[in-house]
file start_20.cif (mmCIF, C-alpha atoms)
data_structure
loop_
_atom_site.group_PDB
_atom_site.id
_atom_site.type_symbol
_atom_site.label_atom_id
_atom_site.label_comp_id
_atom_site.auth_asym_id
_atom_site.auth_seq_id
_atom_site.Cartn_x
_atom_site.Cartn_y
_atom_site.Cartn_z
ATOM 1 C CA MET A 18 -25.211 14.076 27.491
ATOM 2 C CA SER A 19 -22.295 13.176 25.238
ATOM 3 C CA ASP A 20 -21.596 16.501 23.550
ATOM 4 C CA PRO A 21 -17.856 16.547 22.705
ATOM 5 C CA GLY A 22 -17.687 20.231 23.683
ATOM 6 C CA LYS A 23 -19.165 19.590 27.136
ATOM 7 C CA ALA A 24 -15.835 19.245 28.979
ATOM 8 C CA GLY A 25 -14.613 22.538 27.546
ATOM 9 C CA ASP A 26 -17.899 24.205 28.514
ATOM 10 C CA LEU A 27 -17.407 23.021 32.104
ATOM 11 C CA LEU A 28 -13.896 24.426 32.269
ATOM 12 C CA ALA A 29 -15.115 27.811 31.061
ATOM 13 C CA GLN A 30 -17.655 27.939 33.928
ATOM 14 C CA ILE A 31 -15.129 27.541 36.731
ATOM 15 C CA PRO A 32 -14.773 30.877 38.510
ATOM 16 C CA LYS A 33 -11.311 32.374 38.383
ATOM 17 C CA GLY A 34 -9.933 32.501 41.920
ATOM 18 C CA GLU A 35 -6.916 34.045 43.497
ATOM 19 C CA GLY A 36 -5.003 30.822 42.841
ATOM 20 C CA LYS A 37 -5.351 29.750 46.482
ATOM 21 C CA GLY A 38 -7.584 26.982 47.746
ATOM 22 C CA LEU A 39 -10.229 24.928 46.041
ATOM 23 C CA PRO A 40 -13.516 26.137 44.576
ATOM 24 C CA PRO A 41 -16.389 25.851 47.111
ATOM 25 C CA VAL A 42 -18.195 23.028 45.272
ATOM 26 C CA HIS A 43 -19.920 22.046 48.520
ATOM 27 C CA LEU A 44 -21.791 25.384 48.375
ATOM 28 C CA TRP A 45 -22.872 25.124 44.738
ATOM 29 C CA ASN A 46 -26.251 23.531 43.986
ATOM 30 C CA PRO A 47 -26.939 23.902 40.271
ATOM 31 C CA ASP A 48 -29.471 21.761 38.421
ATOM 32 C CA PHE A 49 -28.328 18.299 37.307
ATOM 33 C CA CYS A 50 -27.615 18.417 33.577
ATOM 34 C CA GLY A 51 -27.082 14.702 32.939
ATOM 35 C CA ASP A 52 -24.039 12.478 32.646
ATOM 36 C CA ILE A 53 -21.024 13.088 30.456
ATOM 37 C CA ASP A 54 -18.694 10.432 29.095
ATOM 38 C CA MET A 55 -15.940 11.043 31.627
ATOM 39 C CA ARG A 56 -14.407 8.292 33.752
ATOM 40 C CA ILE A 57 -11.661 8.073 36.361
ATOM 41 C CA ALA A 58 -10.004 4.651 36.219
ATOM 42 C CA ARG A 59 -8.745 2.848 39.325
ATOM 43 C CA ASP A 60 -5.169 3.835 38.426
ATOM 44 C CA GLY A 61 -6.139 7.544 38.485
ATOM 45 C CA THR A 62 -6.246 8.040 34.715
ATOM 46 C CA TRP A 63 -9.007 10.416 33.602
ATOM 47 C CA TYR A 64 -10.830 9.550 30.362
ATOM 48 C CA TYR A 65 -13.082 11.720 28.224
ATOM 49 C CA LEU A 66 -15.065 10.095 25.406
ATOM 50 C CA GLY A 67 -13.013 6.926 25.972
ATOM 51 C CA THR A 68 -9.653 8.659 25.474
ATOM 52 C CA PRO A 69 -7.170 9.450 28.275
ATOM 53 C CA ILE A 70 -6.915 13.140 29.100
ATOM 54 C CA GLY A 71 -3.223 13.761 28.503
ATOM 55 C CA ARG A 72 -3.013 17.356 29.705
ATOM 56 C CA LYS A 73 -2.156 17.247 33.386
ATOM 57 C CA PRO A 74 -3.265 20.877 34.056
ATOM 58 C CA MET A 75 -6.704 20.027 32.647
ATOM 59 C CA VAL A 76 -6.987 16.940 34.874
ATOM 60 C CA ARG A 77 -5.891 19.042 37.854
ATOM 61 C CA LEU A 78 -8.540 21.645 37.071
ATOM 62 C CA PHE A 79 -11.289 19.019 36.734
ATOM 63 C CA SER A 80 -10.125 17.445 40.017
ATOM 64 C CA THR A 81 -10.879 20.703 41.834
ATOM 65 C CA ILE A 82 -14.562 20.629 40.904
ATOM 66 C CA ILE A 83 -15.383 17.006 41.712
ATOM 67 C CA ARG A 84 -17.947 16.241 44.376
ATOM 68 C CA ARG A 85 -19.393 13.026 45.732
ATOM 69 C CA ASP A 86 -23.054 12.898 46.713
ATOM 70 C CA GLY A 87 -23.902 9.475 48.150
ATOM 71 C CA ASP A 88 -22.315 6.928 45.830
ATOM 72 C CA ASP A 89 -22.353 9.235 42.803
ATOM 73 C CA TYR A 90 -19.646 11.587 41.523
ATOM 74 C CA PHE A 91 -20.212 14.891 39.794
ATOM 75 C CA LEU A 92 -18.294 17.759 38.276
ATOM 76 C CA ILE A 93 -19.851 20.918 39.690
ATOM 77 C CA THR A 94 -19.725 24.546 38.602
ATOM 78 C CA PRO A 95 -21.937 27.359 39.888
ATOM 79 C CA VAL A 96 -24.332 26.757 36.972
ATOM 80 C CA GLU A 97 -23.982 23.094 36.022
ATOM 81 C CA LYS A 98 -23.774 19.637 37.627
ATOM 82 C CA VAL A 99 -22.817 16.654 35.460
ATOM 83 C CA GLY A 100 -22.360 13.035 36.440
ATOM 84 C CA ILE A 101 -19.114 11.159 35.843
ATOM 85 C CA LYS A 102 -18.020 7.579 36.492
ATOM 86 C CA VAL A 103 -15.341 6.759 39.066
ATOM 87 C CA ASP A 104 -14.108 3.149 39.067
ATOM 88 C CA ASP A 105 -12.811 3.200 42.660
ATOM 89 C CA ALA A 106 -11.597 6.481 44.171
ATOM 90 C CA PRO A 107 -11.177 9.782 42.318
ATOM 91 C CA PHE A 108 -7.544 10.189 43.376
ATOM 92 C CA VAL A 109 -4.460 7.999 43.868
ATOM 93 C CA ALA A 110 -1.864 8.671 46.574
ATOM 94 C CA VAL A 111 1.375 8.309 44.613
ATOM 95 C CA THR A 112 4.076 9.474 47.023
ATOM 96 C CA LEU A 113 4.708 9.350 50.749
ATOM 97 C CA GLN A 114 7.025 11.480 52.866
ATOM 98 C CA VAL A 115 7.773 10.360 56.411
ATOM 99 C CA GLU A 116 8.813 12.784 59.128
ATOM 100 C CA GLY A 117 9.774 11.629 62.608
ATOM 101 C CA GLU A 118 9.182 8.190 64.054
ATOM 102 C CA GLY A 119 7.042 6.274 66.505
ATOM 103 C CA GLU A 120 3.891 7.983 67.773
ATOM 104 C CA ALA A 121 5.338 11.368 66.710
ATOM 105 C CA GLN A 122 5.632 10.202 63.089
ATOM 106 C CA VAL A 123 3.871 12.251 60.392
ATOM 107 C CA LEU A 124 2.895 10.727 57.041
ATOM 108 C CA ARG A 125 2.443 13.198 54.161
ATOM 109 C CA PHE A 126 0.810 11.891 50.983
ATOM 110 C CA THR A 127 0.744 13.505 47.543
ATOM 111 C CA THR A 128 -1.910 12.497 45.027
ATOM 112 C CA ASN A 129 -1.765 12.122 41.274
ATOM 113 C CA VAL A 130 -3.424 15.578 41.012
ATOM 114 C CA GLU A 131 -0.901 17.199 43.385
ATOM 115 C CA ASP A 132 -3.099 17.420 46.495
ATOM 116 C CA GLU A 133 -1.032 17.049 49.680
ATOM 117 C CA VAL A 134 -2.527 15.648 52.867
ATOM 118 C CA VAL A 135 -1.128 14.624 56.232
ATOM 119 C CA ALA A 136 -2.702 11.474 57.630
ATOM 120 C CA GLY A 137 -4.433 12.417 60.860
ATOM 121 C CA VAL A 138 -7.818 13.157 62.351
ATOM 122 C CA GLU A 139 -8.974 15.161 59.304
ATOM 123 C CA HIS A 140 -7.376 12.776 56.802
ATOM 124 C CA PRO A 141 -7.688 9.226 58.174
ATOM 125 C CA ILE A 142 -6.294 6.119 56.520
ATOM 126 C CA ARG A 143 -8.545 3.103 56.108
ATOM 127 C CA VAL A 144 -7.949 -0.322 54.591
ATOM 128 C CA GLU A 145 -10.660 -2.467 53.014
ATOM 129 C CA ILE A 146 -9.865 -6.185 52.771
ATOM 130 C CA ASP A 147 -11.438 -8.094 49.871
ATOM 131 C CA PRO A 148 -13.201 -11.050 51.521
ATOM 132 C CA ALA A 149 -12.520 -13.381 48.571
ATOM 133 C CA THR A 150 -8.878 -12.562 47.795
ATOM 134 C CA LEU A 151 -7.861 -10.997 51.143
ATOM 135 C CA GLU A 152 -6.171 -8.277 49.081
ATOM 136 C CA PRO A 153 -6.023 -4.917 50.847
ATOM 137 C CA SER A 154 -7.294 -1.694 49.291
ATOM 138 C CA PRO A 155 -5.907 1.214 51.338
ATOM 139 C CA TYR A 156 -7.360 4.734 51.172
ATOM 140 C CA ILE A 157 -6.759 8.160 52.656
ATOM 141 C CA LEU A 158 -9.412 10.858 52.906
ATOM 142 C CA VAL A 159 -8.315 13.822 50.781
ATOM 143 C CA ARG A 160 -11.208 16.258 51.201
ATOM 144 C CA ARG A 161 -14.801 16.038 52.351
ATOM 145 C CA ASN A 162 -15.892 12.551 51.265
ATOM 146 C CA LEU A 163 -13.322 12.154 48.488
ATOM 147 C CA GLU A 164 -10.615 9.556 48.978
ATOM 148 C CA ALA A 165 -7.393 8.572 47.304
ATOM 149 C CA LEU A 166 -6.544 4.943 46.736
ATOM 150 C CA ILE A 167 -3.050 4.475 48.150
ATOM 151 C CA HIS A 168 -0.855 3.194 45.311
ATOM 152 C CA ARG A 169 0.580 -0.283 45.838
ATOM 153 C CA ASN A 170 4.196 1.005 46.053
ATOM 154 C CA VAL A 171 3.171 3.582 48.669
ATOM 155 C CA PHE A 172 1.288 0.896 50.597
ATOM 156 C CA TYR A 173 4.480 -1.197 50.646
ATOM 157 C CA GLN A 174 6.201 1.784 52.271
ATOM 158 C CA LEU A 175 3.460 1.818 54.918
ATOM 159 C CA VAL A 176 3.986 -1.898 55.531
ATOM 160 C CA GLU A 177 7.703 -1.222 56.069
ATOM 161 C CA LEU A 178 6.776 1.393 58.690
ATOM 162 C CA ALA A 179 4.180 -0.807 60.394
ATOM 163 C CA VAL A 180 4.350 -1.590 64.084
ATOM 164 C CA GLU A 181 2.242 -3.988 66.089
ATOM 165 C CA ARG A 182 -0.466 -2.725 68.412
ATOM 166 C CA GLU A 183 -3.494 -4.271 70.032
ATOM 167 C CA VAL A 184 -6.820 -3.132 68.563
ATOM 168 C CA ASP A 185 -10.045 -4.423 70.099
ATOM 169 C CA GLY A 186 -8.083 -7.143 71.889
ATOM 170 C CA LYS A 187 -6.334 -8.416 68.746
ATOM 171 C CA PRO A 188 -2.805 -7.742 67.425
ATOM 172 C CA TRP A 189 -2.740 -5.499 64.348
ATOM 173 C CA LEU A 190 -0.014 -4.007 62.210
ATOM 174 C CA GLY A 191 -0.448 -0.327 61.587
ATOM 175 C CA VAL A 192 1.186 3.043 61.202
ATOM 176 C CA TRP A 193 1.285 6.207 63.288
ATOM 177 C CA SER A 194 0.678 9.656 61.869
ATOM 178 C CA ALA A 195 -0.040 12.906 63.707
ATOM 179 C CA GLY A 196 -0.687 11.030 66.950
ATOM 180 C CA GLN A 197 -3.198 8.575 65.407
ATOM 181 C CA PHE A 198 -2.732 4.831 64.899
ATOM 182 C CA TYR A 199 -4.090 3.398 61.641
ATOM 183 C CA PRO A 200 -4.441 -0.400 61.427
ATOM 184 C CA ILE A 201 -3.430 -1.703 58.026
ATOM 185 C CA GLY A 202 -3.785 -5.426 58.600
ATOM 186 C CA PRO A 203 -3.942 -8.178 61.203
ATOM 187 C CA SER A 204 -0.604 -9.143 62.684
ATOM 188 C CA PRO A 205 0.645 -12.547 61.497
ATOM 189 C CA VAL A 206 0.397 -15.041 64.302
#
call {"tool": "encode", "arguments": {"input": "start_20.cif", "output": "structure tokens"}}
result
Amino acid sequence: MSDPGKAGDLLAQIPKGEGKGLPPVHLWNPDFCGDIDMRIARDGTWYYLGTPIGRKPMVRLFSTIIRRDGDDYFLITPVEKVGIKVDDAPFVAVTLQVEGEGEAQVLRFTTNVEDEVVAGVEHPIRVEIDPATLEPSPYILVRRNLEALIHRNVFYQLVELAVEREVDGKPWLGVWSAGQFYPIGPSPV
């Protein structure tokens, strides 16, 4: 499905709310209508028909109706479900605010689509290490099974905050947030 008007049709189907909270996409189960030519690049840029979507409010609105089922991503409205491509994660954590220190520290992330999450039990941080390059790819859970890739500059801030702690009998560097310790990499020996 590559109809140039498709993205506009989707926007028109989003119910108008009270301006609070996200649409309940997890409750909507419309028929699958095919894929549209929409892609979210690893850097968080949204593309439609190969062109970046330059209107931030439009990207924000689309970001509220994204859902992940298995390994696939969809934009969902009460009457339509269309597939989109996501290169890595649908969001990017672009800023970090730190409150407190030590085990009482709280890490608050803001994404490229203005979602705010506090790392903790409901929003854990995880780091994947590429086995070939050993390069870390850090993520934070934003909602349901949708993650944000933590931007490299924000990850450097986490590294600056890192403390050493033993995990499974081995020394790891990690960060505290909301009473939880999140390993971000093995401690240099």
call {"tool": "resolve_selection", "arguments": {"input": "start_20.cif", "expression": "the PyMOL selection byres ((chain A and resi 54-56) around 6)", "output": "list of chain:residue names"}}
result
A:Ser19, A:Ile53, A:Ile57, A:Trp63, A:Tyr64, A:Tyr65, A:Leu66, A:Ile101, A:Lys102, A:Val103
call {"tool": "write_last_selection", "arguments": {"input": "start_20.cif", "atoms": "C-alpha atoms", "output": "PDB file, keeping the file's coordinate frame"}}
result
ATOM      1  CA  SER A  19     -22.295  13.176  25.238  1.00  0.00           C
ATOM      2  CA  ILE A  53     -21.024  13.088  30.456  1.00  0.00           C
ATOM      3  CA  ILE A  57     -11.661   8.073  36.361  1.00  0.00           C
ATOM      4  CA  TRP A  63      -9.007  10.416  33.602  1.00  0.00           C
ATOM      5  CA  TYR A  64     -10.830   9.550  30.362  1.00  0.00           C
ATOM      6  CA  TYR A  65     -13.082  11.720  28.224  1.00  0.00           C
ATOM      7  CA  LEU A  66     -15.065  10.095  25.406  1.00  0.00           C
ATOM      8  CA  ILE A 101     -19.114  11.159  35.843  1.00  0.00           C
ATOM      9  CA  LYS A 102     -18.020   7.579  36.492  1.00  0.00           C
ATOM     10  CA  VAL A 103     -15.341   6.759  39.066  1.00  0.00           C
TER      11      VAL A 103
END
call {"tool": "residues_around", "arguments": {"input": "start_20.cif", "residues": "A:Asp105", "least_positions_apart": "2", "cutoff": "8 Å", "atoms": "all atoms listed in the file", "output": "ChimeraX atom specification"}}
result
/A:58-59,103,107,166
call {"tool": "write_last_selection", "arguments": {"input": "start_20.cif", "atoms": "C-alpha atoms", "output": "PDB file, keeping the file's coordinate frame"}}
result
ATOM      1  CA  ALA A  58     -10.004   4.651  36.219  1.00  0.00           C
ATOM      2  CA  ARG A  59      -8.745   2.848  39.325  1.00  0.00           C
ATOM      3  CA  VAL A 103     -15.341   6.759  39.066  1.00  0.00           C
ATOM      4  CA  PRO A 107     -11.177   9.782  42.318  1.00  0.00           C
ATOM      5  CA  LEU A 166      -6.544   4.943  46.736  1.00  0.00           C
TER       6      LEU A 166
END
call {"tool": "residues_around", "arguments": {"input": "start_20.cif", "residues": "A:Asp86", "least_positions_apart": "4", "cutoff": "10 Å", "atoms": "only C-alpha atoms", "output": "VMD selection string"}}
result
chain A and resid 43 90 to 91 162 to 163
call {"tool": "write_last_selection", "arguments": {"input": "start_20.cif", "atoms": "C-alpha atoms", "output": "PDB file, keeping the file's coordinate frame"}}
result
ATOM      1  CA  HIS A  43     -19.920  22.046  48.520  1.00  0.00           C
ATOM      2  CA  TYR A  90     -19.646  11.587  41.523  1.00  0.00           C
ATOM      3  CA  PHE A  91     -20.212  14.891  39.794  1.00  0.00           C
ATOM      4  CA  ASN A 162     -15.892  12.551  51.265  1.00  0.00           C
ATOM      5  CA  LEU A 163     -13.322  12.154  48.488  1.00  0.00           C
TER       6      LEU A 163
END
call {"tool": "atom_distance", "arguments": {"input": "start_20.cif", "atom1": "atom CA of A:Gly186", "atom2": "atom CA of A:Pro203"}}
result
11.5 Å
call {"tool": "atom_distance", "arguments": {"input": "start_20.cif", "atom1": "atom CA of A:Gly100", "atom2": "atom CA of A:Arg85"}}
result
9.8 Å
call {"tool": "closest_residue", "arguments": {"input": "start_20.cif", "among": "A:Ala136, A:Val42, A:Ala110, A:Ile157", "to": "A:Leu92", "atoms": "all atoms listed in the file"}}
result
A:Val42
call {"tool": "resolve_selection", "arguments": {"input": "start_20.cif", "expression": "the PyMOL selection byres ((chain A and resi 195) around 10)", "output": "ChimeraX atom specification"}}
result
/A:116-117,120-125,135-138,193-194,196-198
call {"tool": "write_last_selection", "arguments": {"input": "start_20.cif", "atoms": "C-alpha atoms", "output": "PDB file, in the frame of the given file"}}
result
ATOM      1  CA  GLU A 116       8.813  12.784  59.128  1.00  0.00           C
ATOM      2  CA  GLY A 117       9.774  11.629  62.608  1.00  0.00           C
ATOM      3  CA  GLU A 120       3.891   7.983  67.773  1.00  0.00           C
ATOM      4  CA  ALA A 121       5.338  11.368  66.710  1.00  0.00           C
ATOM      5  CA  GLN A 122       5.632  10.202  63.089  1.00  0.00           C
ATOM      6  CA  VAL A 123       3.871  12.251  60.392  1.00  0.00           C
ATOM      7  CA  LEU A 124       2.895  10.727  57.041  1.00  0.00           C
ATOM      8  CA  ARG A 125       2.443  13.198  54.161  1.00  0.00           C
ATOM      9  CA  VAL A 135      -1.128  14.624  56.232  1.00  0.00           C
ATOM     10  CA  ALA A 136      -2.702  11.474  57.630  1.00  0.00           C
ATOM     11  CA  GLY A 137      -4.433  12.417  60.860  1.00  0.00           C
ATOM     12  CA  VAL A 138      -7.818  13.157  62.351  1.00  0.00           C
ATOM     13  CA  TRP A 193       1.285   6.207  63.288  1.00  0.00           C
ATOM     14  CA  SER A 194       0.678   9.656  61.869  1.00  0.00           C
ATOM     15  CA  GLY A 196      -0.687  11.030  66.950  1.00  0.00           C
ATOM     16  CA  GLN A 197      -3.198   8.575  65.407  1.00  0.00           C
ATOM     17  CA  PHE A 198      -2.732   4.831  64.899  1.00  0.00           C
TER      18      PHE A 198
END
call {"tool": "residues_around", "arguments": {"input": "start_20.cif", "residues": "A:Arg143", "least_positions_apart": "6", "cutoff": "10 Å", "atoms": "only C-alpha atoms", "output": "MDAnalysis selection string"}}
result
chainID A and resid 153:158 164 166:167 199:201
call {"tool": "closest_residue", "arguments": {"input": "start_20.cif", "among": "A:Thr150, A:Gln174, A:Ser80, A:Thr94", "to": "A:Thr128", "atoms": "only C-alpha atoms"}}
result
A:Ser80
call {"tool": "closest_residue", "arguments": {"input": "start_20.cif", "among": "A:Val134, A:Leu151, A:Leu39, A:Ile142", "to": "A:Arg84", "atoms": "only C-alpha atoms"}}
result
A:Leu39
call {"tool": "axis_aligned_box", "arguments": {"input": "start_20.cif", "around": "stretch 82-101 of chain A", "padding_each_side": "5 Å", "output": "JSON"}}
result
{"center_x": -19.4, "center_y": 17.1, "center_z": 41.8, "size_x": 19.8, "size_y": 30.4, "size_z": 22.7}
call {"tool": "atom_distance", "arguments": {"input": "start_20.cif", "atom1": "atom CA of A:Trp189", "atom2": "atom CA of A:Glu177"}}
result
14.0 Å
call {"tool": "resolve_selection", "arguments": {"input": "start_20.cif", "expression": "the PyMOL selection byres ((chain A and resi 131) around 12)", "output": "CSV table (one decimal) with C-alpha atoms, in the frame of the given file"}}
result
chain,number,residue,atom,x,y,z
A,73,LYS,CA,-2.2,17.2,33.4
A,74,PRO,CA,-3.3,20.9,34.1
A,76,VAL,CA,-7.0,16.9,34.9
A,77,ARG,CA,-5.9,19.0,37.9
A,78,LEU,CA,-8.5,21.6,37.1
A,80,SER,CA,-10.1,17.4,40.0
A,81,THR,CA,-10.9,20.7,41.8
A,108,PHE,CA,-7.5,10.2,43.4
A,109,VAL,CA,-4.5,8.0,43.9
A,110,ALA,CA,-1.9,8.7,46.6
A,111,VAL,CA,1.4,8.3,44.6
A,112,THR,CA,4.1,9.5,47.0
A,125,ARG,CA,2.4,13.2,54.2
A,126,PHE,CA,0.8,11.9,51.0
A,127,THR,CA,0.7,13.5,47.5
A,128,THR,CA,-1.9,12.5,45.0
A,129,ASN,CA,-1.8,12.1,41.3
A,130,VAL,CA,-3.4,15.6,41.0
A,132,ASP,CA,-3.1,17.4,46.5
A,133,GLU,CA,-1.0,17.0,49.7
A,134,VAL,CA,-2.5,15.6,52.9
A,159,VAL,CA,-8.3,13.8,50.8
A,165,ALA,CA,-7.4,8.6,47.3
call {"tool": "residues_around", "arguments": {"input": "start_20.cif", "residues": "A:Ser204", "least_positions_apart": "2", "cutoff": "8 Å", "atoms": "only C-alpha atoms", "output": "short mmCIF file (atom, residue, chain, number, x, y, z; two decimals) with C-alpha atoms, in the coordinates of the input"}}
result
data_model
loop_
_atom_site.label_atom_id
_atom_site.label_comp_id
_atom_site.auth_asym_id
_atom_site.auth_seq_id
_atom_site.Cartn_x
_atom_site.Cartn_y
_atom_site.Cartn_z
CA GLU A 181 2.24 -3.99 66.09
CA PRO A 188 -2.80 -7.74 67.42
CA TRP A 189 -2.74 -5.50 64.35
CA LEU A 190 -0.01 -4.01 62.21
CA GLY A 202 -3.78 -5.43 58.60
CA VAL A 206 0.40 -15.04 64.30
#
call {"tool": "closest_residue", "arguments": {"input": "start_20.cif", "among": "A:Val184, A:Cys50, A:Ile70, A:Val192", "to": "A:Pro141", "atoms": "only C-alpha atoms"}}
result
A:Val192
call {"tool": "closest_residue", "arguments": {"input": "start_20.cif", "among": "A:Gly191, A:Glu152, A:Val176, A:Arg161", "to": "A:Gly87", "atoms": "all atoms listed in the file"}}
result
A:Arg161
call {"tool": "build_atoms", "arguments": {"input": "start_20.cif", "residues": "stretch 62-70 of chain A", "atoms": "all heavy atoms", "output": "compact mmCIF listing (two decimals), keeping the file's coordinate frame"}}
result
# COMPACT_ATOMS: atom_id res chain seq x y z
N THR A 62 -6.19 7.46 36.05
CA THR A 62 -6.25 8.04 34.72
C THR A 62 -7.66 8.57 34.44
O THR A 62 -8.64 7.87 34.67
CB THR A 62 -5.88 7.00 33.64
OG1 THR A 62 -4.58 6.48 33.92
CG2 THR A 62 -5.89 7.61 32.24
N TRP A 63 -7.73 9.81 33.96
CA TRP A 63 -9.01 10.42 33.60
C TRP A 63 -9.23 10.21 32.11
O TRP A 63 -8.33 10.43 31.30
CB TRP A 63 -8.99 11.91 33.90
CG TRP A 63 -9.05 12.26 35.35
CD1 TRP A 63 -8.18 11.88 36.33
CD2 TRP A 63 -10.03 13.07 35.99
NE1 TRP A 63 -8.56 12.40 37.54
CE2 TRP A 63 -9.69 13.15 37.36
CE3 TRP A 63 -11.16 13.76 35.54
CZ2 TRP A 63 -10.45 13.87 38.27
CZ3 TRP A 63 -11.91 14.48 36.45
CH2 TRP A 63 -11.55 14.52 37.80
N TYR A 64 -10.46 9.79 31.76
CA TYR A 64 -10.83 9.55 30.36
C TYR A 64 -12.00 10.45 29.99
O TYR A 64 -12.91 10.66 30.80
CB TYR A 64 -11.28 8.10 30.15
CG TYR A 64 -10.16 7.10 30.27
CD1 TYR A 64 -9.80 6.58 31.50
CD2 TYR A 64 -9.48 6.65 29.14
CE1 TYR A 64 -8.77 5.65 31.62
CE2 TYR A 64 -8.46 5.72 29.25
CZ TYR A 64 -8.11 5.23 30.48
OH TYR A 64 -7.10 4.32 30.59
N TYR A 65 -11.96 10.98 28.77
CA TYR A 65 -13.08 11.72 28.22
C TYR A 65 -13.38 11.15 26.85
O TYR A 65 -12.48 11.02 26.01
CB TYR A 65 -12.77 13.22 28.14
CG TYR A 65 -13.92 14.04 27.62
CD1 TYR A 65 -15.14 14.06 28.30
CD2 TYR A 65 -13.81 14.77 26.45
CE1 TYR A 65 -16.21 14.79 27.83
CE2 TYR A 65 -14.88 15.52 25.97
CZ TYR A 65 -16.08 15.52 26.66
OH TYR A 65 -17.14 16.24 26.19
N LEU A 66 -14.63 10.74 26.65
CA LEU A 66 -15.06 10.10 25.41
C LEU A 66 -14.18 8.88 25.09
O LEU A 66 -13.84 8.64 23.94
CB LEU A 66 -15.07 11.10 24.24
CG LEU A 66 -16.01 12.30 24.39
CD1 LEU A 66 -15.83 13.28 23.23
CD2 LEU A 66 -17.46 11.84 24.50
N GLY A 67 -13.79 8.15 26.13
CA GLY A 67 -13.01 6.93 25.97
C GLY A 67 -11.52 7.12 25.76
O GLY A 67 -10.78 6.15 25.63
N THR A 68 -11.07 8.36 25.72
CA THR A 68 -9.65 8.66 25.47
C THR A 68 -9.03 9.28 26.72
O THR A 68 -9.64 10.16 27.34
CB THR A 68 -9.52 9.66 24.30
OG1 THR A 68 -10.16 9.09 23.16
CG2 THR A 68 -8.07 9.95 23.98
N PRO A 69 -7.81 8.84 27.10
CA PRO A 69 -7.17 9.45 28.28
C PRO A 69 -6.96 10.95 28.08
O PRO A 69 -6.62 11.40 26.98
CB PRO A 69 -5.81 8.74 28.37
CG PRO A 69 -5.96 7.50 27.57
CD PRO A 69 -6.98 7.78 26.50
N ILE A 70 -7.19 11.70 29.14
CA ILE A 70 -6.92 13.14 29.10
C ILE A 70 -5.43 13.29 29.39
O ILE A 70 -4.97 13.01 30.50
CB ILE A 70 -7.76 13.91 30.14
CG1 ILE A 70 -9.25 13.71 29.86
CG2 ILE A 70 -7.39 15.39 30.14
CD1 ILE A 70 -10.17 14.31 30.92
